[in-house]
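Novice: My structure is in target_17.txt, and what it holds is compact mmCIF, C-alpha atoms:
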```
# COMPACT_ATOMS: atom_id res chain seq x y z
CA MET E 187 195.81 5.58 64.33
CA SER E 188 197.05 3.55 61.34
CA GLN E 189 194.36 5.21 59.22
CA ALA E 190 195.52 8.66 60.30
CA ARG E 191 199.08 7.69 59.42
CA SER E 192 197.93 6.50 55.99
CA LEU E 193 196.36 9.93 55.37
CA LEU E 194 199.53 11.71 56.49
CA LYS E 195 201.60 9.47 54.23
CA ILE E 196 199.88 10.61 51.05
CA ALA E 197 199.04 14.15 52.17
CA PRO E 198 202.18 15.97 50.90
CA ALA E 199 201.96 14.40 47.47
CA VAL E 200 198.25 15.17 47.19
CA TYR E 201 197.94 18.61 48.77
CA LEU E 202 201.16 20.25 47.60
CA PRO E 203 200.25 19.86 43.90
CA ALA E 204 196.76 21.15 44.73
CA LEU E 205 198.26 24.19 46.48
CA LEU E 206 200.59 24.92 43.58
CA TYR E 207 197.86 24.56 40.99
CA GLY E 208 195.51 26.74 43.06
CA ILE E 209 198.22 29.43 43.27
CA GLY E 210 198.46 29.42 39.50
CA GLN E 211 194.71 29.69 39.03
CA GLY E 212 194.56 32.52 41.55
CA ALA E 213 197.41 34.35 39.83
CA ILE E 214 195.66 34.66 36.47
CA ALA E 215 192.11 35.18 37.78
CA PRO E 216 192.38 38.98 38.15
CA VAL E 217 194.18 39.60 34.83
CA VAL E 218 192.25 37.61 32.19
CA ALA E 219 189.77 40.44 31.60
CA LEU E 220 192.62 42.96 31.51
CA SER E 221 194.48 40.85 28.93
CA ALA E 222 191.35 40.73 26.80
CA THR E 223 190.93 44.50 26.88
CA HIS E 224 194.59 44.93 25.92
CA LEU E 225 193.79 42.88 22.83
CA GLY E 226 190.94 45.23 21.96
CA ALA E 227 187.95 43.56 23.65
CA SER E 228 185.05 45.56 25.00
CA VAL E 229 184.05 45.11 28.63
CA ALA E 230 181.26 42.73 27.63
CA VAL E 231 183.55 40.63 25.43
CA ALA E 232 186.20 40.59 28.18
CA GLY E 233 183.55 39.14 30.48
CA LEU E 234 182.93 36.36 27.96
CA VAL E 235 186.65 35.60 27.87
CA VAL E 236 186.68 35.28 31.66
CA ALA E 237 183.64 33.00 31.47
CA ALA E 238 185.47 30.73 29.01
CA ALA E 239 187.33 29.08 31.89
CA GLY E 240 184.10 28.07 33.58
CA LEU E 241 182.65 26.91 30.27
CA GLY E 242 185.74 24.83 29.63
CA GLN E 243 185.39 23.23 33.03
CA VAL E 244 181.73 22.34 32.43
CA ILE E 245 182.55 20.90 29.00
CA GLY E 246 185.45 18.96 30.47
CA ASP E 247 183.74 17.30 33.44
CA ILE E 248 182.34 14.24 31.65
CA PRO E 249 185.44 13.65 29.46
CA ALA E 250 187.61 14.12 32.56
CA GLY E 251 185.83 11.24 34.24
CA ALA E 252 186.24 9.00 31.21
CA LEU E 253 189.92 9.92 30.85
CA THR E 254 190.68 9.36 34.53
CA ASN E 255 188.87 6.02 34.46
CA ARG E 256 190.91 4.94 31.43
CA ILE E 257 194.45 6.06 32.32
CA GLY E 258 194.37 6.60 36.09
CA GLU E 259 194.44 9.61 38.38
CA ARG E 260 198.11 10.53 38.21
CA SER E 261 198.40 10.10 34.44
CA ALA E 262 195.28 12.21 33.95
CA MET E 263 196.72 15.03 36.07
CA LEU E 264 200.01 14.88 34.17
CA ALA E 265 198.11 15.09 30.86
CA ALA E 266 196.15 18.06 32.21
CA THR E 267 199.41 19.75 33.18
CA VAL E 268 200.66 19.44 29.61
CA LEU E 269 197.39 20.95 28.36
CA VAL E 270 197.44 23.87 30.78
CA ALA E 271 201.11 24.57 30.00
CA LEU E 272 200.30 24.78 26.29
CA ALA E 273 197.26 26.94 27.01
CA LEU E 274 199.25 29.35 29.17
CA ALA E 275 201.98 29.58 26.56
CA ALA E 276 199.26 30.47 24.07
CA CYS E 277 197.96 33.18 26.43
CA LEU E 278 201.39 34.81 26.21
CA VAL E 279 201.53 34.93 22.41
CA VAL E 280 197.99 34.97 20.95
CA PRO E 281 197.39 38.06 18.81
CA ASN E 282 193.62 38.34 19.20
CA VAL E 283 190.80 38.08 21.72
CA TRP E 284 189.28 34.85 20.45
CA GLY E 285 192.62 33.07 20.58
CA LEU E 286 192.87 34.17 24.22
CA ALA E 287 189.33 32.91 24.87
CA ILE E 288 190.19 29.47 23.46
CA ALA E 289 193.35 29.31 25.54
CA ILE E 290 191.49 30.30 28.71
CA GLY E 291 188.83 27.71 27.90
CA CYS E 292 191.59 25.09 27.71
CA THR E 293 192.75 26.07 31.21
CA GLY E 294 189.19 25.28 32.32
CA LEU E 295 189.35 21.88 30.61
CA ALA E 296 192.63 21.15 32.38
CA GLY E 297 191.15 22.31 35.69
CA ALA E 298 188.27 19.87 35.27
CA VAL E 299 190.70 16.97 34.90
CA TRP E 300 192.80 18.12 37.84
CA GLY E 301 189.85 18.55 40.15
CA LEU E 302 188.25 15.24 39.28
CA ALA E 303 191.45 13.22 39.40
CA ARG E 304 192.42 14.53 42.84
CA GLN E 305 188.91 13.82 44.14
CA ALA E 306 188.91 10.32 42.65
CA TYR E 307 192.34 9.59 44.11
CA LEU E 308 191.37 10.59 47.64
CA SER E 309 188.03 8.78 47.34
CA GLU E 310 189.97 5.59 46.71
CA ALA E 311 193.04 6.07 48.88
CA VAL E 312 191.56 7.39 52.14
CA PRO E 313 189.49 5.34 54.62
CA ILE E 314 185.86 6.41 54.66
CA GLU E 315 186.17 7.53 58.31
CA LEU E 316 188.61 10.21 57.14
CA ARG E 317 187.07 10.97 53.75
CA ALA E 318 185.41 14.28 54.60
CA ARG E 319 188.52 15.63 56.34
CA ALA E 320 190.68 14.58 53.39
CA LEU E 321 188.39 16.19 50.81
CA SER E 322 187.61 19.32 52.82
CA THR E 323 191.35 19.81 53.25
CA LEU E 324 191.72 19.46 49.50
CA GLY E 325 189.12 22.20 49.04
CA GLY E 326 190.77 24.31 51.72
CA VAL E 327 194.21 23.98 50.18
CA GLN E 328 192.86 25.16 46.85
CA ARG E 329 191.23 28.13 48.59
CA ILE E 330 194.59 28.99 50.16
CA GLY E 331 196.31 28.75 46.79
CA SER E 332 193.71 30.97 45.16
CA PHE E 333 194.22 33.49 47.98
CA ILE E 334 198.02 33.52 47.60
CA GLY E 335 198.08 33.49 43.80
CA PRO E 336 196.98 37.08 43.13
CA PHE E 337 199.73 38.43 45.38
CA LEU E 338 202.42 36.40 43.61
CA GLY E 339 200.94 37.39 40.27
CA ALA E 340 201.02 41.05 41.28
CA GLY E 341 204.70 40.73 42.20
CA ALA E 342 205.54 39.13 38.87
CA MET E 343 203.58 41.77 36.97
CA LYS E 344 205.85 44.49 38.36
CA PHE E 345 208.59 43.09 36.12
CA LEU E 346 206.72 41.38 33.27
CA GLY E 347 203.43 43.24 32.95
CA THR E 348 200.27 41.15 32.70
CA ASP E 349 202.34 38.29 31.26
CA GLY E 350 203.82 37.86 34.73
CA ALA E 351 200.61 36.32 36.07
CA TYR E 352 200.58 33.69 33.32
CA TRP E 353 204.22 32.88 34.04
CA VAL E 354 203.34 32.33 37.71
CA HIS E 355 200.62 29.85 36.70
CA LEU E 356 202.92 28.11 34.22
CA ILE E 357 205.75 27.73 36.72
CA ALA E 358 203.34 26.60 39.47
CA ALA E 359 201.80 24.01 37.15
CA LEU E 360 205.21 22.66 36.18
CA LEU E 361 206.23 22.46 39.85
CA ALA E 362 202.99 20.61 40.58
CA CYS E 363 203.85 18.23 37.76
CA GLY E 364 207.20 17.54 39.37
CA VAL E 365 205.57 16.75 42.70
CA LEU E 366 203.07 14.47 40.95
CA LEU E 367 205.89 12.25 39.77
CA SER E 368 206.29 11.21 43.42
CA LEU E 369 202.55 10.64 43.92
CA PRO E 370 201.97 7.05 45.08
CA ASP E 371 199.48 5.18 42.94
CA ILE E 372 196.84 3.10 44.69
CA GLU E 373 197.97 0.01 42.85
CA GLY E 374 197.18 -2.39 45.65
CA ARG E 375 193.51 -1.45 45.46
CA THR E 376 193.42 -0.93 41.72
CA ARG E 377 194.80 -4.32 40.78
CA GLY E 378 193.82 -6.41 43.68
CA SER E 379 190.46 -5.26 44.91
CA ARG E 380 188.88 -2.67 42.64
CA PRO E 381 187.17 -4.20 39.64
CA VAL E 382 188.06 -2.89 36.24
CA ALA E 383 185.22 -0.79 34.86
CA ALA E 384 183.73 -2.32 31.74
CA GLN E 385 180.83 0.11 31.52
CA SER E 386 180.74 3.14 29.29
CA THR E 387 180.39 6.58 30.83
CA TRP E 388 176.80 6.87 29.63
CA VAL E 389 175.90 3.51 31.19
CA VAL E 390 177.34 4.69 34.50
CA ILE E 391 175.30 7.90 34.27
CA ARG E 392 172.13 5.99 33.34
CA ASP E 393 172.51 3.50 36.17
CA HIS E 394 173.01 6.24 38.77
CA PHE E 395 170.68 8.87 37.34
CA PRO E 396 168.34 8.74 40.39
CA VAL E 397 171.21 10.11 42.50
CA LEU E 398 172.17 12.69 39.89
CA ARG E 399 168.64 14.07 39.51
CA THR E 400 168.27 14.52 43.27
CA LEU E 401 171.57 15.04 45.05
CA GLY E 402 173.09 16.33 41.82
CA VAL E 403 170.43 19.04 41.60
CA GLY E 404 171.21 19.92 45.21
CA ALA E 405 174.87 20.29 44.22
CA LEU E 406 173.81 22.57 41.36
CA LEU E 407 171.95 24.85 43.79
CA VAL E 408 174.95 24.88 46.13
CA GLY E 409 177.23 25.85 43.25
CA ALA E 410 174.90 28.67 42.22
CA VAL E 411 174.72 30.33 45.62
CA ARG E 412 178.46 29.91 46.22
CA ALA E 413 179.29 31.57 42.91
CA SER E 414 176.80 34.35 43.65
CA ARG E 415 178.71 35.19 46.82
CA GLN E 416 181.77 36.15 44.76
CA VAL E 417 179.71 38.60 42.71
CA VAL E 418 177.27 40.19 45.14
CA ILE E 419 179.85 41.54 47.60
CA PRO E 420 181.70 43.76 45.09
CA LEU E 421 178.45 44.73 43.32
CA TRP E 422 176.74 45.81 46.53
CA ALA E 423 179.88 47.61 47.69
CA LEU E 424 179.82 49.59 44.45
CA HIS E 425 176.08 50.21 44.92
CA ILE E 426 176.61 51.83 48.33
CA GLY E 427 179.58 53.87 47.11
CA LEU E 428 182.60 52.09 48.57
CA ASP E 429 185.94 52.54 46.80
CA PRO E 430 187.69 49.56 45.17
CA GLN E 431 190.40 49.36 47.83
CA THR E 432 187.86 49.06 50.64
CA THR E 433 185.92 46.48 48.64
CA SER E 434 189.06 44.42 48.13
CA ILE E 435 189.82 44.46 51.85
CA ILE E 436 186.27 43.36 52.70
CA PHE E 437 186.41 40.59 50.12
CA GLY E 438 189.80 39.47 51.42
CA LEU E 439 188.57 39.34 55.01
CA SER E 440 185.63 37.21 53.92
CA GLY E 441 188.00 34.87 52.10
CA ALA E 442 190.29 34.64 55.13
CA VAL E 443 187.41 33.51 57.37
CA ASP E 444 186.40 31.05 54.66
CA MET E 445 189.88 29.47 54.66
CA LEU E 446 189.96 28.93 58.42
CA LEU E 447 187.00 26.56 58.52
CA PHE E 448 187.83 23.78 56.08
CA TYR E 449 189.29 21.29 58.57
CA PRO E 450 186.65 21.78 61.28
CA ALA E 451 184.00 21.33 58.58
CA GLY E 452 185.54 18.04 57.48
CA SER E 453 185.85 16.83 61.06
CA VAL E 454 182.16 17.52 61.73
CA MET E 455 181.19 15.69 58.55
CA ASP E 456 183.24 12.64 59.51
CA ARG E 457 182.00 12.54 63.09
CA LEU E 458 178.35 13.63 62.85
CA GLY E 459 177.38 13.27 59.20
CA ARG E 460 177.32 15.31 56.02
CA LYS E 461 174.00 17.05 56.75
CA TRP E 462 175.46 18.74 59.83
CA VAL E 463 177.68 20.80 57.52
CA ALA E 464 175.79 21.01 54.22
CA VAL E 465 172.50 22.30 55.63
CA PRO E 466 173.92 24.96 58.01
CA SER E 467 176.35 26.13 55.33
CA MET E 468 173.57 26.84 52.85
CA PHE E 469 171.28 28.30 55.51
CA VAL E 470 173.98 30.76 56.61
CA LEU E 471 174.81 31.72 53.01
CA GLY E 472 171.12 32.30 52.32
CA LEU E 473 170.77 34.41 55.47
CA ALA E 474 173.82 36.47 54.55
CA HIS E 475 172.38 37.15 51.09
CA LEU E 476 169.11 38.21 52.69
CA LEU E 477 170.89 40.64 55.02
CA LEU E 478 173.18 42.11 52.37
CA PRO E 479 170.64 44.59 50.87
CA LEU E 480 170.10 45.95 54.38
CA THR E 481 173.73 47.09 54.69
CA HIS E 482 174.65 50.68 53.92
CA THR E 483 178.01 51.22 55.61
CA THR E 484 181.48 49.70 55.50
CA VAL E 485 181.03 48.12 58.92
CA THR E 486 177.68 46.47 58.20
CA LEU E 487 178.82 45.22 54.80
CA THR E 488 181.97 43.80 56.39
CA LEU E 489 179.93 41.94 58.99
CA VAL E 490 177.69 40.38 56.35
CA ALA E 491 180.70 39.52 54.18
CA LEU E 492 182.25 37.75 57.18
CA LEU E 493 178.99 35.85 57.65
CA MET E 494 179.18 34.80 53.99
CA GLY E 495 182.73 33.63 54.56
CA ILE E 496 181.58 31.54 57.51
CA GLY E 497 178.76 30.02 55.47
CA ASN E 498 181.02 29.20 52.54
CA GLY E 499 183.80 27.89 54.77
CA LEU E 500 181.42 25.57 56.60
CA GLY E 501 180.74 23.87 53.29
CA ALA E 502 184.37 23.35 52.30
CA GLY E 503 184.67 19.99 50.58
CA VAL E 504 181.04 19.02 51.08
CA ILE E 505 180.22 18.58 47.38
CA MET E 506 183.35 16.52 46.77
CA THR E 507 182.53 14.42 49.82
CA LEU E 508 178.94 13.84 48.76
CA GLY E 509 180.11 12.87 45.28
CA ALA E 510 182.63 10.43 46.73
CA ASP E 511 180.01 8.96 49.05
CA ALA E 512 177.57 8.39 46.20
CA SER E 513 180.13 7.11 43.71
CA PRO E 514 180.12 3.40 42.84
CA PRO E 515 183.27 1.29 43.18
CA VAL E 516 183.06 0.49 39.45
CA GLY E 517 183.09 3.60 37.25
CA ARG E 518 183.84 5.92 40.15
CA ALA E 519 185.66 8.55 38.09
CA GLN E 520 182.94 8.52 35.43
CA PHE E 521 180.25 9.07 38.04
CA LEU E 522 182.26 11.86 39.68
CA GLY E 523 182.56 13.59 36.32
CA ALA E 524 178.78 13.62 35.96
CA PHE E 525 178.27 14.74 39.55
CA ARG E 526 180.80 17.55 39.21
CA LEU E 527 179.00 18.66 36.05
CA PHE E 528 175.98 19.60 38.17
CA ALA E 529 178.03 21.63 40.66
CA ASP E 530 180.06 23.35 37.95
CA THR E 531 176.89 24.15 36.01
CA GLY E 532 175.59 25.79 39.16
CA ASN E 533 178.81 27.78 39.47
CA GLY E 534 178.21 29.17 36.01
CA ALA E 535 174.46 29.61 36.37
CA GLY E 536 174.57 31.52 39.67
CA PRO E 537 176.07 34.75 38.27
CA LEU E 538 173.85 34.47 35.19
CA LEU E 539 170.74 34.15 37.37
CA LEU E 540 171.89 37.14 39.41
CA ALA E 541 172.54 39.19 36.27
CA GLY E 542 169.15 38.35 34.77
CA ALA E 543 167.26 39.10 37.96
CA THR E 544 169.18 42.37 38.37
CA ALA E 545 168.26 43.44 34.84
CA LEU E 546 164.58 42.72 35.50
CA LEU E 547 164.13 43.68 39.16
CA GLY E 548 167.20 45.54 40.38
CA LEU E 549 170.22 44.46 42.42
CA GLY E 550 168.54 44.27 45.85
CA PRO E 551 165.69 41.95 44.77
CA ALA E 552 168.14 39.86 42.77
CA ILE E 553 170.25 39.29 45.88
CA VAL E 554 167.11 38.27 47.78
CA ILE E 555 166.38 35.71 45.05
CA MET E 556 169.86 34.26 45.62
CA ALA E 557 169.04 34.07 49.33
CA GLY E 558 166.07 31.92 48.38
CA THR E 559 168.38 29.80 46.24
CA GLY E 560 170.59 29.23 49.28
CA TRP E 561 167.66 28.07 51.36
CA ALA E 562 166.44 25.88 48.49
CA ALA E 563 169.92 24.31 48.51
CA ALA E 564 169.67 23.74 52.28
CA THR E 565 166.28 22.08 51.81
CA ALA E 566 167.61 19.88 49.01
CA MET E 567 170.63 18.83 51.07
CA HIS E 568 168.39 17.97 54.03
CA ARG E 569 166.05 15.99 51.82
CA TRP E 570 168.52 14.06 49.69
CA ILE E 571 171.72 13.51 51.67
CA PRO E 572 171.51 9.90 52.88
CA PRO E 573 171.94 9.31 56.62
CA HIS E 574 175.08 7.25 56.07
CA PRO E 575 177.65 7.36 53.25
CA ARG E 576 178.15 4.42 50.94
CA THR E 577 180.39 1.94 52.73
CA GLU E 578 180.56 -1.03 50.40
CA GLN E 579 183.96 -1.82 49.06
CA PRO E 580 184.82 -3.68 45.91
CA ALA E 581 184.88 -7.41 46.30
```
As structure tokens, what does this structure read like?
Specialist:
Amino acid sequence: MSQARSLLKIAPAVYLPALLYGIGQGAIAPVVALSATHLGASVAVAGLVVAAAGLGQVIGDIPAGALTNRIGERSAMLAATVLVALALAACLVVPNVWGLAIAIGCTGLAGAVWGLARQAYLSEAVPIELRARALSTLGGVQRIGSFIGPFLGAGAMKFLGTDGAYWVHLIAALLACGVLLSLPDIEGRTRGSRPVAAQSTWVVIRDHFPVLRTLGVGALLVGAVRASRQVVIPLWALHIGLDPQTTSIIFGLSGAVDMLLFYPAGSVMDRLGRKWVAVPSMFVLGLAHLLLPLTHTTVTLTLVALLMGIGNGLGAGVIMTLGADASPPVGRAQFLGAFRLFADTGNGAGPLLLAGATALLGLGPAIVIMAGTGWAAATAMHRWIPPHPRTEQPA
């Protein structure tokens, strides 16, 4: 009971900033490509501008770990807030496409620091018996924020045009910064029990490379199939002739189912083990991808999209939890940066793999390939997730 109370004690200060930041990210997600086209970009170049955020996150993962290890979780998040505020201000005033791309890339860098620092904080502050619930809730809260953000952004754009979405993100980030000032540091563990890391980031990566080349590769596959889900639903809806409004409703329903499952997923992971969530999640996502090319109506596509939402929701927080489980007490943030690099690389590679396979084979076969990727991820998770998480504590 005391452990549950300790989680509740830090929950508002941890999850409210995550919600606010997720709202901001969700607000700008639908308008980045539109902003690029307003600055004269072609559709292809606008796609590259959108991809700059993911590239920034991949580039930022390793430095984020080093920064968090050096200055602490809260200070790192505050520094990231300053960066994202400057980047969003730049989005409002840049006169050309490449300036916008750099600014969007900087939002990805800031997102890398935010994500890692929150994960590192919870990995330290929460008892291991509650770790999966804490981290799956973190993932769920961000999903909720990303779901709310586009609606708030749309409201702001009625008055401010596309700039309104960036203002929503800027205000949300500043509000998150204000909440962070009340975030309790884990000083008792940092000073008294957790050893100070003397190793460089590259030494930490070298020493734990066996985990990164196995479980990290599994995380990469998970990231790829998850990212594919966000692309294949609208593409297949277009392929079978559905209008954009219907597609948006189907996608929203899938996201709603996804959001409902984060806490049950964390509870199962804490009580039964990580495999009981990771493997079924990837199996269901793979199955849904396999069934998608068989759909030809609104109803059948909706059913498969809901199945995808279930599969994705089952895995809420699983990669963060696995990273926390595998992380060493010394150099934890540095290890998490390397581990997150694999998952974020998968997030970027999934749509690229889908696009390449579509160009060569067509959309249907490409989606089937992503189904195989989902089942490969399930196999990797079954093979490489250890039966019990790391339980040793710093001396």
Novice: Let me make sure I understand: among E:Ile314, E:Ala358, E:Leu540, E:Ala219, which one has the smallest atom-to-atom distance to Pro203 in chain E if we use all atoms listed in the file?
Specialist: E:Ala358
Novice: Could you give me, as CSV, every range 444-525 of chain E residue with an atom at most 8 Å from range 249-255 of chain E, plus its closest atom pair and distance in Å to one decimal, counting all atoms listed in the file, rows ordered by chain then number?
Specialist:
```
residue,atom,partner,partner_atom,distance
E:Gly517,CA,E:Asn255,CA,6.9
E:Arg518,CA,E:Asn255,CA,7.6
E:Ala519,CA,E:Gly251,CA,4.7
E:Gln520,CA,E:Gly251,CA,4.1
E:Phe521,CA,E:Gly251,CA,7.1
E:Leu522,CA,E:Gly251,CA,6.5
E:Gly523,CA,E:Gly251,CA,4.5
E:Ala524,CA,E:Gly251,CA,7.6
```
Novice: Just the number, please: distance in Å from CA of Thr507 in chain E to CA of Arg319 in chain E, one decimal.
Specialist: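 Computed distance, CA of Thr507 in chain E to CA of Arg319 in chain E, equals 8.9 Å.
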Novice: For the atom pair CA of Gly341 in chain E and CA of Ala271 in chain E, what is the interatomic distance in Å to one decimal place?
Specialist: 20.6 Å
Novice: With all atoms listed in the file as the counted atoms, please give the residues lying no more than 8 Å from range 422-427 of chain E, apart from itself and same-chain residues fewer than 2 positions off, as a PDB file with C-alpha atoms, keeping the file's coordinate frame.
Specialist:
```pdb
ATOM      1  CA  VAL E 418     177.270  40.190  45.140  1.00  0.00           C
ATOM      2  CA  ILE E 419     179.850  41.540  47.600  1.00  0.00           C
ATOM      3  CA  PRO E 420     181.700  43.760  45.090  1.00  0.00           C
ATOM      4  CA  ASP E 429     185.940  52.540  46.800  1.00  0.00           C
ATOM      5  CA  PRO E 430     187.690  49.560  45.170  1.00  0.00           C
ATOM      6  CA  THR E 433     185.920  46.480  48.640  1.00  0.00           C
ATOM      7  CA  LEU E 478     173.180  42.110  52.370  1.00  0.00           C
ATOM      8  CA  PRO E 479     170.640  44.590  50.870  1.00  0.00           C
ATOM      9  CA  HIS E 482     174.650  50.680  53.920  1.00  0.00           C
ATOM     10  CA  THR E 483     178.010  51.220  55.610  1.00  0.00           C
ATOM     11  CA  LEU E 487     178.820  45.220  54.800  1.00  0.00           C
ATOM     12  CA  LEU E 549     170.220  44.460  42.420  1.00  0.00           C
TER      13      LEU E 549
END
```
Novice: Quote the spacing between CA of Gln431 in chain E and CA of Gly331 in chain E in Å to one decimal place.
Specialist: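 Interatomic distance, CA of Gln431 in chain E to CA of Gly331 in chain E: 21.5 Å.
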Novice: Could you give me, as a JSON list (two decimals) with C-alpha atoms, in the coordinates of the input, the residues that have an atom at most 12 Å away from the point (187.6, 28.0, 37.0) in the coordinates of the file, using only C-alpha atoms?
Specialist:
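Written output follows (result27.json):
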```json
[["chain", "number", "residue", "atom", "x", "y", "z"],
["E", 207, "TYR", "CA", 197.86, 24.56, 40.99],
["E", 208, "GLY", "CA", 195.51, 26.74, 43.06],
["E", 210, "GLY", "CA", 198.46, 29.42, 39.50],
["E", 211, "GLN", "CA", 194.71, 29.69, 39.03],
["E", 212, "GLY", "CA", 194.56, 32.52, 41.55],
["E", 214, "ILE", "CA", 195.66, 34.66, 36.47],
["E", 215, "ALA", "CA", 192.11, 35.18, 37.78],
["E", 218, "VAL", "CA", 192.25, 37.61, 32.19],
["E", 235, "VAL", "CA", 186.65, 35.60, 27.87],
["E", 236, "VAL", "CA", 186.68, 35.28, 31.66],
["E", 237, "ALA", "CA", 183.64, 33.00, 31.47],
["E", 238, "ALA", "CA", 185.47, 30.73, 29.01],
["E", 239, "ALA", "CA", 187.33, 29.08, 31.89],
["E", 240, "GLY", "CA", 184.10, 28.07, 33.58],
["E", 241, "LEU", "CA", 182.65, 26.91, 30.27],
["E", 242, "GLY", "CA", 185.74, 24.83, 29.63],
["E", 243, "GLN", "CA", 185.39, 23.23, 33.03],
["E", 244, "VAL", "CA", 181.73, 22.34, 32.43],
["E", 245, "ILE", "CA", 182.55, 20.90, 29.00],
["E", 246, "GLY", "CA", 185.45, 18.96, 30.47],
["E", 247, "ASP", "CA", 183.74, 17.30, 33.44],
["E", 290, "ILE", "CA", 191.49, 30.30, 28.71],
["E", 291, "GLY", "CA", 188.83, 27.71, 27.90],
["E", 292, "CYS", "CA", 191.59, 25.09, 27.71],
["E", 293, "THR", "CA", 192.75, 26.07, 31.21],
["E", 294, "GLY", "CA", 189.19, 25.28, 32.32],
["E", 295, "LEU", "CA", 189.35, 21.88, 30.61],
["E", 296, "ALA", "CA", 192.63, 21.15, 32.38],
["E", 297, "GLY", "CA", 191.15, 22.31, 35.69],
["E", 298, "ALA", "CA", 188.27, 19.87, 35.27],
["E", 299, "VAL", "CA", 190.70, 16.97, 34.90],
["E", 300, "TRP", "CA", 192.80, 18.12, 37.84],
["E", 301, "GLY", "CA", 189.85, 18.55, 40.15],
["E", 328, "GLN", "CA", 192.86, 25.16, 46.85],
["E", 332, "SER", "CA", 193.71, 30.97, 45.16],
["E", 413, "ALA", "CA", 179.29, 31.57, 42.91],
["E", 530, "ASP", "CA", 180.06, 23.35, 37.95],
["E", 531, "THR", "CA", 176.89, 24.15, 36.01],
["E", 533, "ASN", "CA", 178.81, 27.78, 39.47],
["E", 534, "GLY", "CA", 178.21, 29.17, 36.01]]
```
Novice: Please define a box with edges along x, y and z of the file around all atoms of range 446-449 of chain E given in the file, extend it by 8 Å on each side, and return its centre and edge lengths in Å to one decimal, as AutoDock Vina command-line options.
Specialist:
```
--center_x 188.5 --center_y 25.1 --center_z 57.3 --size_x 19.0 --size_y 23.6 --size_z 18.5
```
Novice: For Ile496 in chain E, which of E:Ala541, E:Ala474, E:Val365, E:Ala227 is the closest residue, counting only C-alpha atoms?
Specialist: E:Ala474
Novice: Which residue out of E:Lys461, E:Leu480, E:Leu264, E:Ala287 has the minimum interatomic distance to Ala359 in chain E when all atoms listed in the file are used?
Specialist: E:Leu264
Novice: What's the 8 Å shell around Met556 in chain E, counting all atoms listed in the file, without same-chain residues fewer than 2 positions away, as a list in words?
Specialist: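 Result of the neighbour search: Val411, Ser414, Gly472, His475, Leu540, Ala552, Ile553, Val554, Gly558, Thr559 and Gly560 of chain E.
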